[in-house]
Each structure stands twice: as structure tokens, then as C-alpha cells.
$ cat final-v2.cif   # mmCIF, C-alpha atoms and all ligand atoms
data_coords
loop_
_atom_site.label_atom_id
_atom_site.label_comp_id
_atom_site.auth_asym_id
_atom_site.auth_seq_id
_atom_site.Cartn_x
_atom_site.Cartn_y
_atom_site.Cartn_z
CA MET A 28 -54.06 -6.63 -55.59
CA THR A 29 -52.44 -8.68 -52.81
CA ALA A 30 -53.30 -7.88 -49.20
CA THR A 31 -49.78 -6.51 -48.63
CA ALA A 32 -49.91 -4.28 -51.71
CA GLU A 33 -53.28 -2.94 -50.60
CA ALA A 34 -51.90 -2.26 -47.11
CA GLU A 35 -48.84 -0.49 -48.54
CA ASP A 36 -51.19 1.63 -50.60
CA VAL A 37 -53.14 2.63 -47.49
CA LEU A 38 -49.87 3.55 -45.74
CA LYS A 39 -48.94 5.74 -48.72
CA ARG A 40 -52.31 7.47 -48.96
CA HIS A 41 -52.55 8.49 -45.30
CA LEU A 42 -50.50 10.23 -42.66
CA VAL A 43 -48.66 7.66 -40.51
CA TRP A 44 -47.62 8.70 -37.00
CA ASP A 45 -45.45 6.55 -34.72
CA ALA A 46 -45.99 8.06 -31.26
CA HIS A 47 -42.84 6.50 -29.81
CA SER A 48 -39.71 4.67 -30.92
CA CYS A 49 -36.16 4.63 -29.60
CA LEU A 50 -32.72 5.34 -30.91
CA PRO A 51 -29.90 4.24 -28.61
CA LEU A 52 -29.19 7.12 -26.23
CA HIS A 53 -25.80 8.05 -27.60
CA PRO A 54 -25.12 11.36 -29.41
CA ASP A 55 -23.12 9.52 -32.10
CA MET A 56 -25.99 7.17 -32.92
CA ASP A 57 -26.64 7.47 -36.65
CA VAL A 58 -30.19 8.84 -36.99
CA GLY A 59 -30.02 7.81 -40.65
CA VAL A 60 -31.29 4.40 -39.53
CA LEU A 61 -34.73 6.04 -39.22
CA GLU A 62 -34.83 5.47 -42.97
CA ARG A 63 -36.43 2.14 -42.01
CA HIS A 64 -39.39 4.07 -40.61
CA ARG A 65 -39.58 6.28 -43.71
CA ALA A 66 -39.39 3.27 -46.03
CA GLN A 67 -42.60 1.91 -44.49
CA GLY A 68 -44.51 5.11 -45.16
CA VAL A 69 -44.15 6.59 -41.67
CA ASP A 70 -44.46 10.40 -41.78
CA PHE A 71 -43.76 11.27 -38.13
CA VAL A 72 -41.88 9.56 -35.34
CA SER A 73 -41.32 10.67 -31.75
CA VAL A 74 -37.85 9.59 -30.65
CA ASN A 75 -36.90 9.14 -27.01
CA VAL A 76 -34.03 11.34 -25.76
CA GLY A 77 -33.95 10.26 -22.12
CA MET A 78 -35.52 8.26 -19.32
CA ASP A 79 -35.43 8.84 -15.56
CA MET A 80 -32.24 6.75 -15.36
CA ASN A 81 -30.29 8.98 -17.77
CA PRO A 82 -28.31 11.86 -16.27
CA LEU A 83 -28.96 15.30 -17.76
CA GLU A 84 -25.45 15.38 -19.30
CA GLN A 85 -26.46 12.40 -21.39
CA VAL A 86 -29.91 13.76 -22.26
CA MET A 87 -28.47 17.08 -23.47
CA ALA A 88 -25.68 15.47 -25.49
CA VAL A 89 -28.18 13.11 -27.12
CA LEU A 90 -30.56 15.98 -27.97
CA ALA A 91 -27.70 17.98 -29.49
CA GLY A 92 -26.43 14.97 -31.44
CA PHE A 93 -29.83 13.94 -32.78
CA ARG A 94 -30.85 17.50 -33.68
CA ALA A 95 -27.62 18.13 -35.57
CA GLN A 96 -27.93 14.89 -37.49
CA VAL A 97 -31.59 15.36 -38.42
CA ARG A 98 -30.62 18.78 -39.82
CA ARG A 99 -27.66 17.27 -41.70
CA HIS A 100 -30.01 14.76 -43.37
CA ALA A 101 -32.47 17.47 -44.46
CA ASP A 102 -33.08 15.58 -47.71
CA ARG A 103 -34.80 12.80 -45.77
CA PHE A 104 -35.69 14.11 -42.30
CA VAL A 105 -37.29 17.21 -40.78
CA LEU A 106 -37.10 18.49 -37.20
CA ALA A 107 -40.80 18.91 -36.51
CA GLY A 108 -42.08 21.48 -34.06
CA SER A 109 -45.62 21.78 -35.39
CA VAL A 110 -48.26 19.83 -37.24
CA ALA A 111 -47.56 22.11 -40.24
CA ASP A 112 -43.95 20.84 -40.17
CA VAL A 113 -45.25 17.27 -40.18
CA GLU A 114 -47.54 17.98 -43.14
CA ARG A 115 -44.69 19.69 -45.01
CA ALA A 116 -42.39 16.75 -44.37
CA ARG A 117 -45.02 14.35 -45.63
CA ALA A 118 -45.65 16.41 -48.77
CA GLY A 119 -41.93 16.23 -49.57
CA GLY A 120 -41.60 12.51 -48.82
CA ARG A 121 -39.51 13.20 -45.72
CA LEU A 122 -39.85 11.81 -42.18
CA ALA A 123 -40.73 14.34 -39.46
CA VAL A 124 -38.93 13.78 -36.16
CA ALA A 125 -39.71 15.19 -32.71
CA PHE A 126 -38.47 14.08 -29.32
CA ASP A 127 -39.90 12.75 -26.07
CA LEU A 128 -38.76 12.29 -22.50
CA GLU A 129 -39.64 9.14 -20.59
CA GLY A 130 -39.85 10.49 -17.09
CA GLY A 131 -39.66 13.88 -15.40
CA VAL A 132 -36.36 13.51 -13.51
CA PRO A 133 -34.48 15.50 -16.22
CA LEU A 134 -36.70 18.48 -15.33
CA LEU A 135 -34.60 18.82 -12.14
CA GLY A 136 -37.72 19.67 -10.14
CA ARG A 137 -38.03 23.01 -11.97
CA THR A 138 -41.22 23.76 -13.88
CA GLU A 139 -39.45 26.19 -16.24
CA MET A 140 -37.40 23.27 -17.59
CA VAL A 141 -40.51 22.10 -19.48
CA ALA A 142 -40.52 25.12 -21.79
CA LEU A 143 -36.74 24.79 -22.29
CA PHE A 144 -37.14 21.20 -23.45
CA TYR A 145 -40.03 22.30 -25.67
CA ASP A 146 -37.70 24.80 -27.33
CA LEU A 147 -35.26 21.94 -27.93
CA GLY A 148 -37.86 19.90 -29.79
CA VAL A 149 -39.35 17.75 -27.01
CA ARG A 150 -43.08 17.45 -27.72
CA GLN A 151 -44.22 14.80 -25.20
CA ILE A 152 -43.25 13.66 -21.71
CA HIS A 153 -44.36 11.34 -18.96
CA LEU A 154 -43.72 12.05 -15.31
CA ALA A 155 -42.17 8.77 -14.12
CA TYR A 156 -40.39 5.86 -15.76
CA ASN A 157 -41.39 2.55 -14.07
CA ARG A 158 -40.31 3.72 -10.58
CA ASN A 159 -41.56 6.44 -8.25
CA ASN A 160 -39.83 9.82 -8.30
CA PRO A 161 -40.49 13.24 -6.72
CA LEU A 162 -43.30 13.89 -9.25
CA GLY A 163 -45.34 10.75 -8.79
CA GLY A 164 -45.57 7.02 -9.26
CA GLY A 165 -44.05 4.67 -11.81
CA CYS A 166 -45.87 1.56 -12.99
CA TYR A 167 -43.52 -0.94 -11.24
CA ASP A 168 -43.52 0.64 -7.78
CA ASP A 169 -45.82 1.39 -4.83
CA ASP A 170 -49.05 2.92 -6.16
CA VAL A 171 -48.68 6.51 -4.96
CA PRO A 172 -50.60 9.67 -5.92
CA LEU A 173 -49.34 12.58 -7.99
CA THR A 174 -47.23 14.77 -5.68
CA PRO A 175 -47.74 18.55 -5.28
CA LEU A 176 -44.59 19.10 -7.38
CA GLY A 177 -45.94 16.66 -9.97
CA ARG A 178 -49.17 18.66 -10.09
CA ARG A 179 -47.23 21.87 -10.79
CA MET A 180 -45.31 19.99 -13.49
CA VAL A 181 -48.56 18.91 -15.19
CA ALA A 182 -49.63 22.58 -15.22
CA ALA A 183 -46.26 23.56 -16.73
CA ILE A 184 -46.56 20.82 -19.36
CA ASN A 185 -50.06 22.07 -20.23
CA ALA A 186 -48.83 25.68 -20.37
CA ALA A 187 -45.87 24.80 -22.60
CA GLY A 188 -48.09 22.99 -25.10
CA MET A 189 -46.28 19.70 -24.61
CA LEU A 190 -48.23 16.45 -24.87
CA MET A 191 -48.89 14.91 -21.45
CA ASP A 192 -48.12 11.20 -21.69
CA CYS A 193 -49.01 8.64 -19.00
CA SER A 194 -47.07 5.62 -20.32
CA HIS A 195 -44.78 3.99 -17.69
CA THR A 196 -46.71 5.92 -14.99
CA GLY A 197 -48.23 4.36 -11.88
CA HIS A 198 -51.97 3.69 -11.82
CA ARG A 199 -52.98 6.23 -9.20
CA THR A 200 -50.63 8.94 -10.45
CA SER A 201 -51.87 8.51 -14.02
CA LEU A 202 -55.50 8.92 -12.91
CA ASP A 203 -54.49 12.02 -10.91
CA VAL A 204 -52.64 13.44 -13.94
CA MET A 205 -55.66 12.88 -16.18
CA ALA A 206 -57.92 14.60 -13.63
CA ALA A 207 -55.52 17.53 -13.20
CA SER A 208 -54.55 18.16 -16.81
CA THR A 209 -56.34 20.96 -18.64
CA ALA A 210 -55.32 19.46 -22.00
CA PRO A 211 -55.97 15.98 -23.43
CA VAL A 212 -53.67 13.28 -22.01
CA PHE A 213 -52.47 10.30 -24.03
CA PHE A 214 -50.59 7.03 -23.78
CA SER A 215 -47.81 7.11 -26.40
CA HIS A 216 -47.07 3.39 -26.00
CA ALA A 217 -49.24 1.21 -23.76
CA ASN A 218 -51.50 -1.78 -24.24
CA PRO A 219 -54.80 -2.84 -22.64
CA ARG A 220 -54.22 -4.88 -19.50
CA ALA A 221 -57.40 -6.81 -20.30
CA LEU A 222 -55.38 -8.62 -23.01
CA CYS A 223 -52.03 -8.82 -21.23
CA ASP A 224 -51.72 -8.50 -17.47
CA ASP A 225 -48.48 -6.53 -17.03
CA GLY A 226 -48.06 -3.49 -14.78
CA ARG A 227 -46.89 -1.51 -17.83
CA ASN A 228 -50.23 -2.02 -19.51
CA VAL A 229 -53.31 0.09 -18.84
CA THR A 230 -56.51 -0.81 -17.03
CA ASP A 231 -59.98 -0.04 -18.33
CA ALA A 232 -60.14 2.79 -15.76
CA GLN A 233 -56.98 4.36 -17.23
CA ILE A 234 -58.22 3.92 -20.80
CA ASP A 235 -61.59 5.49 -19.95
CA ALA A 236 -59.96 8.38 -18.07
CA CYS A 237 -57.64 9.03 -21.04
CA VAL A 238 -60.55 9.05 -23.47
CA ALA A 239 -62.47 11.38 -21.15
CA THR A 240 -59.68 13.97 -21.53
CA GLY A 241 -59.94 13.70 -25.32
CA GLY A 242 -56.77 11.60 -25.47
CA VAL A 243 -55.54 8.67 -27.55
CA VAL A 244 -54.14 5.26 -26.54
CA CYS A 245 -51.28 4.20 -28.84
CA VAL A 246 -50.62 0.47 -29.06
CA ASN A 247 -47.11 -0.62 -28.06
CA GLY A 248 -45.08 -3.21 -30.02
CA VAL A 249 -43.05 -4.66 -27.12
CA GLY A 250 -43.47 -8.44 -27.03
CA ARG A 251 -44.07 -8.84 -23.32
CA PHE A 252 -46.74 -6.12 -23.31
CA LEU A 253 -48.49 -7.77 -26.25
CA GLY A 254 -48.67 -11.13 -24.52
CA ASP A 255 -46.63 -12.51 -27.41
CA LEU A 256 -42.91 -12.66 -26.73
CA LYS A 257 -42.28 -12.71 -30.49
CA ALA A 258 -44.07 -9.34 -30.91
CA GLY A 259 -46.01 -10.83 -33.79
CA THR A 260 -48.24 -8.78 -36.06
CA PRO A 261 -51.46 -10.69 -35.14
CA ALA A 262 -50.94 -9.72 -31.48
CA ILE A 263 -50.63 -6.04 -32.40
CA VAL A 264 -53.77 -6.26 -34.52
CA ARG A 265 -55.55 -7.91 -31.58
CA HIS A 266 -54.60 -5.07 -29.22
CA VAL A 267 -55.62 -2.37 -31.70
CA ASP A 268 -58.95 -4.08 -32.31
CA HIS A 269 -59.63 -4.55 -28.59
CA LEU A 270 -59.16 -0.81 -28.01
CA VAL A 271 -61.22 0.12 -31.05
CA GLN A 272 -64.06 -2.11 -29.87
CA ARG A 273 -63.88 -0.46 -26.45
CA VAL A 274 -63.35 3.23 -27.20
CA GLY A 275 -63.78 3.66 -30.95
CA PRO A 276 -61.36 4.22 -33.85
CA GLU A 277 -60.99 7.92 -33.08
CA ARG A 278 -59.20 7.19 -29.76
CA VAL A 279 -56.55 4.67 -30.89
CA GLY A 280 -53.09 5.15 -32.38
CA LEU A 281 -49.72 3.44 -32.74
CA GLY A 282 -46.51 3.79 -30.71
CA ILE A 283 -44.45 0.95 -32.09
CA ASP A 284 -41.61 1.42 -29.57
CA TYR A 285 -39.06 -0.12 -31.93
CA CYS A 286 -35.58 0.29 -30.42
CA TYR A 287 -32.89 0.55 -33.06
CA PRO A 288 -29.83 -1.60 -32.29
CA ALA A 289 -26.93 0.21 -30.65
CA GLY A 290 -24.34 -1.14 -33.07
CA GLY A 291 -21.56 -1.21 -30.47
CA LEU A 292 -22.33 2.18 -28.90
CA ASP A 293 -22.70 2.10 -25.10
CA GLU A 294 -25.89 3.91 -24.13
CA ASN A 295 -26.01 2.76 -20.51
CA PRO A 296 -25.29 5.44 -17.92
CA LYS A 297 -22.51 4.64 -15.48
CA GLY A 298 -23.67 2.52 -12.56
CA LEU A 299 -27.03 1.64 -14.15
CA VAL A 300 -28.84 -0.93 -12.01
CA LYS A 301 -31.11 -2.67 -14.52
CA GLY A 302 -32.84 -4.67 -11.79
CA TYR A 303 -34.13 -1.42 -10.27
CA TRP A 304 -35.69 0.00 -13.45
CA TRP A 305 -36.89 -3.36 -14.77
CA PRO A 306 -37.57 -5.31 -11.54
CA LYS A 307 -37.23 -9.07 -11.28
CA ALA A 308 -40.45 -9.08 -9.23
CA HIS A 309 -42.23 -8.01 -12.44
CA GLY A 310 -40.70 -10.74 -14.53
CA TYR A 311 -37.59 -9.02 -15.89
CA ALA A 312 -34.34 -10.96 -16.06
CA ASN A 313 -31.89 -8.55 -17.65
CA GLY A 314 -33.36 -5.13 -18.34
CA LEU A 315 -35.80 -4.73 -21.19
CA ASP A 316 -34.35 -7.77 -22.94
CA VAL A 317 -37.34 -8.58 -25.15
CA LYS A 318 -38.40 -8.80 -28.77
CA LEU A 319 -39.85 -5.61 -30.22
CA ALA A 320 -42.08 -5.06 -33.20
CA GLU A 321 -40.25 -3.60 -36.19
CA PRO A 322 -41.32 -0.82 -38.57
CA GLU A 323 -41.47 -3.44 -41.34
CA GLN A 324 -44.52 -4.96 -39.61
CA LEU A 325 -46.66 -1.92 -40.47
CA PRO A 326 -48.06 -3.29 -43.76
CA GLY A 327 -48.95 -6.51 -41.96
CA ILE A 328 -50.76 -4.57 -39.22
CA VAL A 329 -52.76 -2.65 -41.83
CA ALA A 330 -53.48 -5.86 -43.77
CA GLY A 331 -54.70 -7.50 -40.54
CA LEU A 332 -57.06 -4.62 -39.81
CA LEU A 333 -58.32 -4.59 -43.41
CA LYS A 334 -59.05 -8.30 -43.05
CA LEU A 335 -61.15 -7.52 -39.97
CA GLY A 336 -63.20 -5.22 -42.18
CA TYR A 337 -61.83 -1.84 -41.06
CA ALA A 338 -62.94 1.04 -43.25
CA GLU A 339 -60.17 3.11 -44.81
CA GLY A 340 -61.35 6.21 -42.94
CA ASP A 341 -60.95 4.44 -39.61
CA LEU A 342 -57.51 3.13 -40.62
CA ALA A 343 -56.49 6.67 -41.51
CA ARG A 344 -57.44 7.80 -38.01
CA ILE A 345 -55.62 4.96 -36.25
CA LEU A 346 -52.48 5.24 -38.39
CA GLY A 347 -52.03 8.96 -37.81
CA GLY A 348 -55.11 11.14 -38.02
CA ASN A 349 -55.93 10.83 -34.33
CA MET A 350 -52.43 11.79 -33.21
CA ARG A 351 -52.23 14.63 -35.74
CA ASP A 352 -55.49 16.07 -34.37
CA LEU A 353 -54.27 15.66 -30.80
CA ALA A 354 -50.97 17.39 -31.52
CA ALA A 355 -52.81 20.17 -33.37
CA LYS A 356 -54.88 20.74 -30.25
CA VAL A 357 -52.02 20.61 -27.73
CA TRP A 358 -48.79 21.84 -29.37
CA ARG A 359 -48.33 25.60 -29.29
ZN ZN A 401 -41.09 3.29 -22.99
#
$ encode --input "final-v2.cif" --output "C-alpha cells" --more "lines below"
Ligand SMILES: [Zn+2]
Amino acid sequence: MTATAEAEDVLKRHLVWDAHSCLPLHPDMDVGVLERHRAQGVDFVSVNVGMDMNPLEQVMAVLAGFRAQVRRHADRFVLAGSVADVERARAGGRLAVAFDLEGGVPLLGRTEMVALFYDLGVRQIHLAYNRNNPLGGGCYDDDVPLTPLGRRMVAAINAAGMLMDCSHTGHRTSLDVMAASTAPVFFSHANPRALCDDGRNVTDAQIDACVATGGVVCVNGVGRFLGDLKAGTPAIVRHVDHLVQRVGPERVGLGIDYCYPAGGLDENPKGLVKGYWWPKAHGYANGLDVKLAEPEQLPGIVAGLLKLGYAEGDLARILGGNMRDLAAKVWR
């Protein structure tokens, strides 16, 4: 059997969980493109429905549009609210889809908004996207602590059974969140800073704090966070292996962060200042204008880990078992 065929076999035999990818934030975006995820053996994907820069009108329209379309394509996709839904989707060869928010601004400063978003299918959230907001710090801003409102939001996120995510969050705030949370905290898409020194990546202190909560660090496929602008498969394998060597195979997952092309749809909110959200001082030229890993790289990632001698049981954990167990613990 070729290495690729063996890797494809592993992807078929085990639950595969992509902790974060993006559809363009437009309600008319065809969610049918997620077929590319399904074709690679992915069983669950968390799709972004809004960042701190997106006004609530946009977030709600996108949620409505995506939910309606996932339902319309019930032959291929399932709106997943529970791990049982994910398992059912997998058993029927369908792709389970849930949603995430990248930043807490859409919560409007009201803790009861968390449960409302949960009811709409949002299963994970981080408090700040790159910049500071009333809840706490973003990773490309002054390093501020979690605010009192942010602390109440963490409690509301815990109470709702939503996964507390610290990707895009500032260093100090993320450590405060992990100390305050009563449930495991995870990074849905972040890489070890030891391998690539970018403010979006996580320090050993953040990784250790996450693991101490019982959380998982999911490796991100964005080129500049991999230290390989081409987002090559060997770089992803390197980041996975670094984390596994540091914290063990039961604490590592995947959040590919593939952003499907917008195909002519305009997803940018009016007046968006890209230089604010993706600052020049941190090396950005024109927003997040970088190469991203694609779902089709999954067999190569598995083949690379097999070549390093990974046991199938450990691969099963990294590909999806760890995130399934985490969701089973946290989701209501
Ligand atoms: Zn992100």
C-alpha cells in the first residue's frame, strides 16, 4: 500500500474533527463547498460565523443562511449540536457542522447572549479577535488582563456548555481565562511560538496552562503561523509533532483554518479597516492575505505522522478523538 493510501485508510477508519475553518461571511455563500472537507474524510467541522469586526446584523444573517443551507443539504451535512449528532453524521457518511465566534463583541456585553448563540448552533467562542475589547486582550494589542465583564462572560460560557477558546486572545487575558474557567479551555487554531515567533502563536506558558485545564491545542494551517508561507504539509507535521513531544498525543488536535474562496461575494463589513485588525506592526500588508492549508493536505499530514512512527491509536486521538472527548465533556 502506498503511504497516501495508508493515510486515506486511517482517515476513513477514525473520526476526523477540524476545530476551525472559514466560509466567507456572507449568507449566500454556498455551504456545499464543504464537500471538500467531507471528501477528505472529515466528520466534523466548526465554521466561523463572525469575528469582532463583523456587526451583529451580519453575524445573524450569516448564521441564518448557513443553518438553512446545511439543512437543505441534509443528504451530505448535519447541523451538529451534540457529540451524538457528530457520531450519527459519521455513521451516515455525512459531515457534521457547528459554528464558532471569533471574538466576544457580538455578545453585546450581555452574558445571556451566550446561551442564545448556543441555541443557534454556536459551540465555541473566544473573547477577543487580535485587538483588545471590553472583555479582554487580543493577541496583537497591549497585553491587558481579563476584565471583570470578561470574567462574567467566561462564567456564562462555562454555564452554557460552550467551548472556551483562547485563539486570537492576548497572552495575559488567555492565562486569566484559563485560570478562571471551570471547564477545560482549548485553542481551536494556534501554533507553538517556539517554532514560529508570531503574536498569534502560543507560548509554552499558554500551552501548559491549556493542558492543565484538560484542554487541547489544535494546530493551525495558516502559512505565516506555520513559519512556512506556502503552508506546506511538512510544516504542519512539524508543529503537530512539536506539541505531541511537549504535551503528549492526547492534548493535540487540528484546526486547519482553511478559508473557502468568496467567489465574488463581498464579506467585508462596511468601513472595515484591515490595518487595525491585522496590524502592519505585526507584519501584515493587506489583511490576512496569506496562503492557507487546504483540506486536501490531510492525507499528507497523516502520512507524515505515520512516517515519524506515530501509532494508529495516537493518530486517532490527534485527528479527532481528543476533540470529541473535549466536546463530550463541555457541551450540554
Ligand atoms: Zn482565526
$ atom_distance --input "final-v2.cif" --atom1 "atom CA of A:Gln151" --atom2 "atom CA of A:Tyr303"
24.2 Å
$ closest_atom_pairs --input "final-v2.cif" --of "chain A" --to "ligand ZN 401 (chain A)" --cutoff "8 Å" --atoms "only C-alpha atoms and all ligand atoms" --output "JSON lines"
{"residue": "A:His47", "atom": "CA", "partner": "A:ZN401", "partner_atom": "ZN", "distance": 7.7}
{"residue": "A:Glu129", "atom": "CA", "partner": "A:ZN401", "partner_atom": "ZN", "distance": 6.5}
{"residue": "A:Tyr156", "atom": "CA", "partner": "A:ZN401", "partner_atom": "ZN", "distance": 7.7}
{"residue": "A:Ser194", "atom": "CA", "partner": "A:ZN401", "partner_atom": "ZN", "distance": 7.0}
{"residue": "A:His195", "atom": "CA", "partner": "A:ZN401", "partner_atom": "ZN", "distance": 6.5}
{"residue": "A:His216", "atom": "CA", "partner": "A:ZN401", "partner_atom": "ZN", "distance": 6.7}
{"residue": "A:Asp284", "atom": "CA", "partner": "A:ZN401", "partner_atom": "ZN", "distance": 6.9}
$ atom_distance --input "final-v2.cif" --atom1 "atom CA of A:Val229" --atom2 "atom CA of A:Ile184"
21.8 Å
$ atom_distance --input "final-v2.cif" --atom1 "atom CA of A:Ala232" --atom2 "atom CA of A:Ala46"
21.6 Å
$ closest_residue --input "final-v2.cif" --among "A:Thr240, A:Thr196, A:Thr260, A:Thr209" --to "A:Gly226" --atoms "all atoms listed in the file"
A:Thr196
$ decode --input "final-v2.cif" --residues "stretch 57-145 of chain A" --atoms "C-alpha atoms" --output "mmCIF file, in the first residue's frame"
data_model
loop_
_atom_site.group_PDB
_atom_site.id
_atom_site.type_symbol
_atom_site.label_atom_id
_atom_site.label_comp_id
_atom_site.auth_asym_id
_atom_site.auth_seq_id
_atom_site.Cartn_x
_atom_site.Cartn_y
_atom_site.Cartn_z
ATOM 1 C CA ASP A 57 -22.780 28.105 -0.804
ATOM 2 C CA VAL A 58 -22.045 25.778 2.134
ATOM 3 C CA GLY A 59 -21.989 22.933 -0.394
ATOM 4 C CA VAL A 60 -18.298 23.720 -0.875
ATOM 5 C CA LEU A 61 -17.725 21.954 2.470
ATOM 6 C CA GLU A 62 -17.912 18.827 0.331
ATOM 7 C CA ARG A 63 -14.140 19.295 0.026
ATOM 8 C CA HIS A 64 -13.856 18.659 3.762
ATOM 9 C CA ARG A 65 -16.150 15.623 3.545
ATOM 10 C CA ALA A 66 -14.227 14.207 0.587
ATOM 11 C CA GLN A 67 -11.085 14.036 2.735
ATOM 12 C CA GLY A 68 -12.807 12.017 5.436
ATOM 13 C CA VAL A 69 -13.553 14.925 7.776
ATOM 14 C CA ASP A 70 -16.522 14.113 10.037
ATOM 15 C CA PHE A 71 -16.920 17.419 11.894
ATOM 16 C CA VAL A 72 -16.004 20.993 11.113
ATOM 17 C CA SER A 73 -16.532 24.146 13.168
ATOM 18 C CA VAL A 74 -17.320 27.033 10.827
ATOM 19 C CA ASN A 75 -16.773 30.658 11.787
ATOM 20 C CA VAL A 76 -19.887 32.882 11.730
ATOM 21 C CA GLY A 77 -18.353 36.143 12.910
ATOM 22 C CA MET A 78 -15.336 37.974 14.262
ATOM 23 C CA ASP A 79 -15.147 41.106 16.417
ATOM 24 C CA MET A 80 -15.121 43.241 13.248
ATOM 25 C CA ASN A 81 -18.454 41.896 11.976
ATOM 26 C CA PRO A 82 -21.602 43.754 13.015
ATOM 27 C CA LEU A 83 -24.351 41.667 14.598
ATOM 28 C CA GLU A 84 -26.606 42.176 11.546
ATOM 29 C CA GLN A 85 -24.017 40.330 9.507
ATOM 30 C CA VAL A 86 -23.430 37.603 12.106
ATOM 31 C CA MET A 87 -27.165 36.846 12.384
ATOM 32 C CA ALA A 88 -27.736 36.825 8.624
ATOM 33 C CA VAL A 89 -24.759 34.501 8.148
ATOM 34 C CA LEU A 90 -25.991 32.137 10.887
ATOM 35 C CA ALA A 91 -29.457 32.043 9.331
ATOM 36 C CA GLY A 92 -28.049 31.498 5.839
ATOM 37 C CA PHE A 93 -25.621 28.761 6.848
ATOM 38 C CA ARG A 94 -28.162 26.948 9.040
ATOM 39 C CA ALA A 95 -30.783 26.941 6.291
ATOM 40 C CA GLN A 96 -28.325 25.644 3.737
ATOM 41 C CA VAL A 97 -26.907 22.889 5.949
ATOM 42 C CA ARG A 98 -30.499 21.706 6.498
ATOM 43 C CA ARG A 99 -31.214 21.886 2.757
ATOM 44 C CA HIS A 100 -28.206 19.629 2.076
ATOM 45 C CA ALA A 101 -29.304 17.035 4.657
ATOM 46 C CA ASP A 102 -28.050 14.255 2.375
ATOM 47 C CA ARG A 103 -24.470 15.413 2.955
ATOM 48 C CA PHE A 104 -24.402 17.676 6.023
ATOM 49 C CA VAL A 105 -25.787 17.667 9.562
ATOM 50 C CA LEU A 106 -26.261 20.597 11.953
ATOM 51 C CA ALA A 107 -24.473 19.200 14.983
ATOM 52 C CA GLY A 108 -25.429 20.225 18.493
ATOM 53 C CA SER A 109 -24.010 17.223 20.329
ATOM 54 C CA VAL A 110 -21.340 14.579 20.064
ATOM 55 C CA ALA A 111 -24.151 12.085 19.355
ATOM 56 C CA ASP A 112 -25.055 14.199 16.293
ATOM 57 C CA VAL A 113 -21.428 14.041 15.172
ATOM 58 C CA GLU A 114 -21.330 10.258 15.589
ATOM 59 C CA ARG A 115 -24.628 9.903 13.708
ATOM 60 C CA ALA A 116 -23.340 12.073 10.880
ATOM 61 C CA ARG A 117 -20.188 9.996 10.656
ATOM 62 C CA ALA A 118 -22.127 6.725 10.629
ATOM 63 C CA GLY A 119 -24.151 8.006 7.663
ATOM 64 C CA GLY A 120 -21.137 9.358 5.763
ATOM 65 C CA ARG A 121 -22.239 12.949 6.323
ATOM 66 C CA LEU A 122 -20.250 15.958 7.561
ATOM 67 C CA ALA A 123 -21.329 17.418 10.918
ATOM 68 C CA VAL A 124 -21.211 21.218 11.085
ATOM 69 C CA ALA A 125 -21.297 23.512 14.117
ATOM 70 C CA PHE A 126 -20.409 27.174 14.397
ATOM 71 C CA ASP A 127 -17.930 29.363 16.236
ATOM 72 C CA LEU A 128 -17.494 33.032 17.038
ATOM 73 C CA GLU A 129 -14.065 34.643 16.836
ATOM 74 C CA GLY A 130 -14.395 37.286 19.489
ATOM 75 C CA GLY A 131 -16.961 38.302 22.094
ATOM 76 C CA VAL A 132 -18.082 41.663 20.655
ATOM 77 C CA PRO A 133 -21.245 40.067 19.140
ATOM 78 C CA LEU A 134 -22.311 39.228 22.719
ATOM 79 C CA LEU A 135 -23.122 42.953 23.117
ATOM 80 C CA GLY A 136 -21.756 42.900 26.670
ATOM 81 C CA ARG A 137 -24.666 40.705 27.800
ATOM 82 C CA THR A 138 -23.925 37.328 29.366
ATOM 83 C CA GLU A 139 -27.315 35.901 28.349
ATOM 84 C CA MET A 140 -26.290 36.253 24.689
ATOM 85 C CA VAL A 141 -24.011 33.227 25.145
ATOM 86 C CA ALA A 142 -26.920 30.828 25.660
ATOM 87 C CA LEU A 143 -28.787 32.420 22.731
ATOM 88 C CA PHE A 144 -25.848 31.766 20.413
ATOM 89 C CA TYR A 145 -25.610 28.227 21.820
#
